[in-house]
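As provided, entry-v9.cif (mmCIF, C-alpha atoms, pLDDT in the B column; chains and numbers go by the auth columns) reads as follows.
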```cif
data_data
#
loop_
_atom_site.group_PDB
_atom_site.id
_atom_site.type_symbol
_atom_site.label_atom_id
_atom_site.label_comp_id
_atom_site.label_asym_id
_atom_site.label_seq_id
_atom_site.Cartn_x
_atom_site.Cartn_y
_atom_site.Cartn_z
_atom_site.B_iso_or_equiv
_atom_site.auth_seq_id
_atom_site.auth_asym_id
ATOM 1 C CA MET A 1 16.754 -38.717 -39.828 73.00 1 A
ATOM 2 C CA PRO A 2 17.505 -36.466 -36.838 82.00 2 A
ATOM 3 C CA ILE A 3 20.415 -34.097 -37.223 86.00 3 A
ATOM 4 C CA ASN A 4 22.541 -33.449 -34.167 90.00 4 A
ATOM 5 C CA LEU A 5 24.268 -30.143 -33.477 92.00 5 A
ATOM 6 C CA GLU A 6 27.663 -31.362 -34.675 93.00 6 A
ATOM 7 C CA ARG A 7 26.257 -32.441 -38.052 94.00 7 A
ATOM 8 C CA LEU A 8 24.478 -29.091 -38.415 94.00 8 A
ATOM 9 C CA GLN A 9 27.716 -27.237 -37.628 96.00 9 A
ATOM 10 C CA ASN A 10 29.587 -29.348 -40.195 96.00 10 A
ATOM 11 C CA ALA A 11 26.947 -28.674 -42.848 95.00 11 A
ATOM 12 C CA VAL A 12 27.070 -24.921 -42.212 96.00 12 A
ATOM 13 C CA THR A 13 30.875 -24.950 -42.399 96.00 13 A
ATOM 14 C CA ASP A 14 30.775 -26.887 -45.673 96.00 14 A
ATOM 15 C CA ILE A 15 28.287 -24.460 -47.201 94.00 15 A
ATOM 16 C CA LYS A 16 30.266 -21.410 -46.102 93.00 16 A
ATOM 17 C CA GLU A 17 33.551 -22.843 -47.360 93.00 17 A
ATOM 18 C CA GLY A 18 31.990 -24.014 -50.628 92.00 18 A
ATOM 19 C CA TRP A 19 30.667 -20.596 -51.567 88.00 19 A
ATOM 20 C CA ASN A 20 32.679 -18.963 -54.332 82.00 20 A
ATOM 21 C CA ILE A 21 32.966 -15.268 -55.086 70.00 21 A
ATOM 22 C CA PRO A 22 31.752 -14.707 -58.627 67.00 22 A
ATOM 23 C CA THR A 23 34.520 -13.999 -61.121 74.00 23 A
ATOM 24 C CA ILE A 24 32.640 -11.010 -62.508 73.00 24 A
ATOM 25 C CA ARG A 25 34.717 -7.895 -62.990 78.00 25 A
ATOM 26 C CA SER A 26 31.978 -5.509 -61.978 87.00 26 A
ATOM 27 C CA ASP A 27 32.695 -4.117 -58.513 86.00 27 A
ATOM 28 C CA LYS A 28 28.978 -3.545 -57.985 88.00 28 A
ATOM 29 C CA VAL A 29 28.120 -7.189 -58.707 84.00 29 A
ATOM 30 C CA ARG A 30 30.983 -8.411 -56.495 84.00 30 A
ATOM 31 C CA ALA A 31 29.809 -6.127 -53.687 87.00 31 A
ATOM 32 C CA LEU A 32 26.269 -7.488 -54.010 88.00 32 A
ATOM 33 C CA ALA A 33 27.573 -11.064 -53.997 87.00 33 A
ATOM 34 C CA LEU A 34 29.639 -10.398 -50.884 88.00 34 A
ATOM 35 C CA SER A 35 26.623 -8.818 -49.209 92.00 35 A
ATOM 36 C CA GLU A 36 24.620 -11.927 -50.063 91.00 36 A
ATOM 37 C CA TYR A 37 27.371 -14.136 -48.628 92.00 37 A
ATOM 38 C CA ASN A 38 27.597 -12.066 -45.446 94.00 38 A
ATOM 39 C CA GLY A 39 23.815 -12.263 -45.028 95.00 39 A
ATOM 40 C CA MET A 40 23.900 -16.014 -45.571 95.00 40 A
ATOM 41 C CA CYS A 41 26.646 -16.401 -42.973 95.00 41 A
ATOM 42 C CA GLU A 42 24.777 -14.259 -40.479 97.00 42 A
ATOM 43 C CA GLY A 43 21.629 -16.343 -40.957 97.00 43 A
ATOM 44 C CA PHE A 44 23.525 -19.615 -40.522 97.00 44 A
ATOM 45 C CA ASP A 45 25.278 -18.260 -37.427 97.00 45 A
ATOM 46 C CA MET A 46 21.900 -17.275 -35.946 97.00 46 A
ATOM 47 C CA LEU A 47 20.538 -20.745 -36.704 96.00 47 A
ATOM 48 C CA LEU A 48 23.519 -22.438 -35.038 96.00 48 A
ATOM 49 C CA LYS A 49 23.293 -20.145 -32.007 96.00 49 A
ATOM 50 C CA HIS A 50 19.599 -20.975 -31.637 95.00 50 A
ATOM 51 C CA PHE A 51 20.217 -24.720 -31.637 93.00 51 A
ATOM 52 C CA GLN A 52 23.260 -24.386 -29.362 93.00 52 A
ATOM 53 C CA GLU A 53 21.109 -22.521 -26.847 93.00 53 A
ATOM 54 C CA LEU A 54 18.396 -25.189 -27.080 90.00 54 A
ATOM 55 C CA GLU A 55 21.023 -27.871 -26.480 88.00 55 A
ATOM 56 C CA GLU A 56 22.469 -25.999 -23.486 88.00 56 A
ATOM 57 C CA ASN A 57 18.987 -25.464 -22.013 88.00 57 A
ATOM 58 C CA LYS A 58 18.212 -29.153 -22.447 79.00 58 A
ATOM 59 C CA TYR A 59 21.220 -30.059 -20.297 71.00 59 A
ATOM 60 C CA ASP A 60 20.542 -27.271 -17.794 71.00 60 A
ATOM 61 C CA ASN A 61 17.017 -28.595 -17.241 68.00 61 A
ATOM 62 C CA VAL A 62 18.311 -32.146 -16.724 63.00 62 A
ATOM 63 C CA THR A 63 20.793 -31.078 -14.029 60.00 63 A
ATOM 64 C CA LYS A 64 18.246 -29.037 -12.060 57.00 64 A
#
```
Mind converting the file's structure to structure tokens?
Amino acid sequence: MPINLERLQNAVTDIKEGWNIPTIRSDKVRALALSEYNGMCEGFDMLLKHFQELEENKYDNVTK
């Protein structure tokens, strides 16, 4: 089943919002978890940007 850009954006939003900070008291473990979350978000943002650019280029090529 093809996934359009809107569905991909919704999935990324759901994943980001569904992530929970561990309830571990260790500051080091929390810092590592937050680093992991930030890396995950950065990767998802790069993925979305890539597909947004492909979508924009698709429409640019049609109008030329």
(request) Please evaluate the PyMOL selection byres ((chain A and resi 40-46) around 10) against the structure above and give the resulting residues as a ChimeraX atom specification. (result) /A:8-9,11-13,15-16,34-39,47-52
(message) If I take CA of Ile3 in chain A and CA of Tyr59 in chain A, how far is one from the other in Å, to one decimal?
(response) 17.4 Å
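CA of Pro2 in chain A is positioned 25.3 Å from CA of Trp19 in chain A.
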(message) Using Å and a single decimal, report how far CA of Glu6 in chain A sits from CA of Ala33 in chain A.
(response) 28.0 Å
Using the block above, I'd like range 46-60 of chain A written out, keeping N, CA and C atoms and formatting it as a PDB file, in the first residue's frame.
```pdb
ATOM      1  N   MET A  46      14.612  14.481   8.922  1.00  0.00           N
ATOM      2  CA  MET A  46      15.357  14.375   7.668  1.00  0.00           C
ATOM      3  C   MET A  46      14.576  13.549   6.649  1.00  0.00           C
ATOM      4  N   LEU A  47      13.971  12.474   7.106  1.00  0.00           N
ATOM      5  CA  LEU A  47      13.155  11.628   6.228  1.00  0.00           C
ATOM      6  C   LEU A  47      11.983  12.413   5.643  1.00  0.00           C
ATOM      7  N   LEU A  48      11.268  13.143   6.508  1.00  0.00           N
ATOM      8  CA  LEU A  48      10.136  13.947   6.036  1.00  0.00           C
ATOM      9  C   LEU A  48      10.593  15.016   5.045  1.00  0.00           C
ATOM     10  N   LYS A  49      11.702  15.686   5.357  1.00  0.00           N
ATOM     11  CA  LYS A  49      12.209  16.728   4.465  1.00  0.00           C
ATOM     12  C   LYS A  49      12.542  16.140   3.095  1.00  0.00           C
ATOM     13  N   HIS A  50      13.145  14.964   3.094  1.00  0.00           N
ATOM     14  CA  HIS A  50      13.493  14.302   1.831  1.00  0.00           C
ATOM     15  C   HIS A  50      12.244  14.064   0.980  1.00  0.00           C
ATOM     16  N   PHE A  51      11.209  13.505   1.596  1.00  0.00           N
ATOM     17  CA  PHE A  51      10.000  13.202   0.829  1.00  0.00           C
ATOM     18  C   PHE A  51       9.219  14.467   0.464  1.00  0.00           C
ATOM     19  N   GLN A  52       9.295  15.498   1.296  1.00  0.00           N
ATOM     20  CA  GLN A  52       8.663  16.772   0.943  1.00  0.00           C
ATOM     21  C   GLN A  52       9.346  17.372  -0.283  1.00  0.00           C
ATOM     22  N   GLU A  53      10.673  17.291  -0.322  1.00  0.00           N
ATOM     23  CA  GLU A  53      11.405  17.820  -1.468  1.00  0.00           C
ATOM     24  C   GLU A  53      11.093  17.019  -2.740  1.00  0.00           C
ATOM     25  N   LEU A  54      10.986  15.694  -2.605  1.00  0.00           N
ATOM     26  CA  LEU A  54      10.607  14.884  -3.764  1.00  0.00           C
ATOM     27  C   LEU A  54       9.220  15.275  -4.270  1.00  0.00           C
ATOM     28  N   GLU A  55       8.305  15.495  -3.346  1.00  0.00           N
ATOM     29  CA  GLU A  55       6.938  15.878  -3.713  1.00  0.00           C
ATOM     30  C   GLU A  55       6.931  17.240  -4.407  1.00  0.00           C
ATOM     31  N   GLU A  56       7.693  18.196  -3.864  1.00  0.00           N
ATOM     32  CA  GLU A  56       7.759  19.526  -4.474  1.00  0.00           C
ATOM     33  C   GLU A  56       8.371  19.446  -5.866  1.00  0.00           C
ATOM     34  N   ASN A  57       9.439  18.649  -6.017  1.00  0.00           N
ATOM     35  CA  ASN A  57      10.086  18.509  -7.326  1.00  0.00           C
ATOM     36  C   ASN A  57       9.157  17.847  -8.328  1.00  0.00           C
ATOM     37  N   LYS A  58       8.334  16.930  -7.868  1.00  0.00           N
ATOM     38  CA  LYS A  58       7.385  16.261  -8.759  1.00  0.00           C
ATOM     39  C   LYS A  58       6.432  17.294  -9.361  1.00  0.00           C
ATOM     40  N   TYR A  59       5.940  18.215  -8.516  1.00  0.00           N
ATOM     41  CA  TYR A  59       5.020  19.232  -9.016  1.00  0.00           C
ATOM     42  C   TYR A  59       5.722  20.295  -9.830  1.00  0.00           C
ATOM     43  N   ASP A  60       6.977  20.601  -9.479  1.00  0.00           N
ATOM     44  CA  ASP A  60       7.750  21.573 -10.266  1.00  0.00           C
ATOM     45  C   ASP A  60       7.972  21.050 -11.676  1.00  0.00           C
TER      46      ASP A  60
END
```
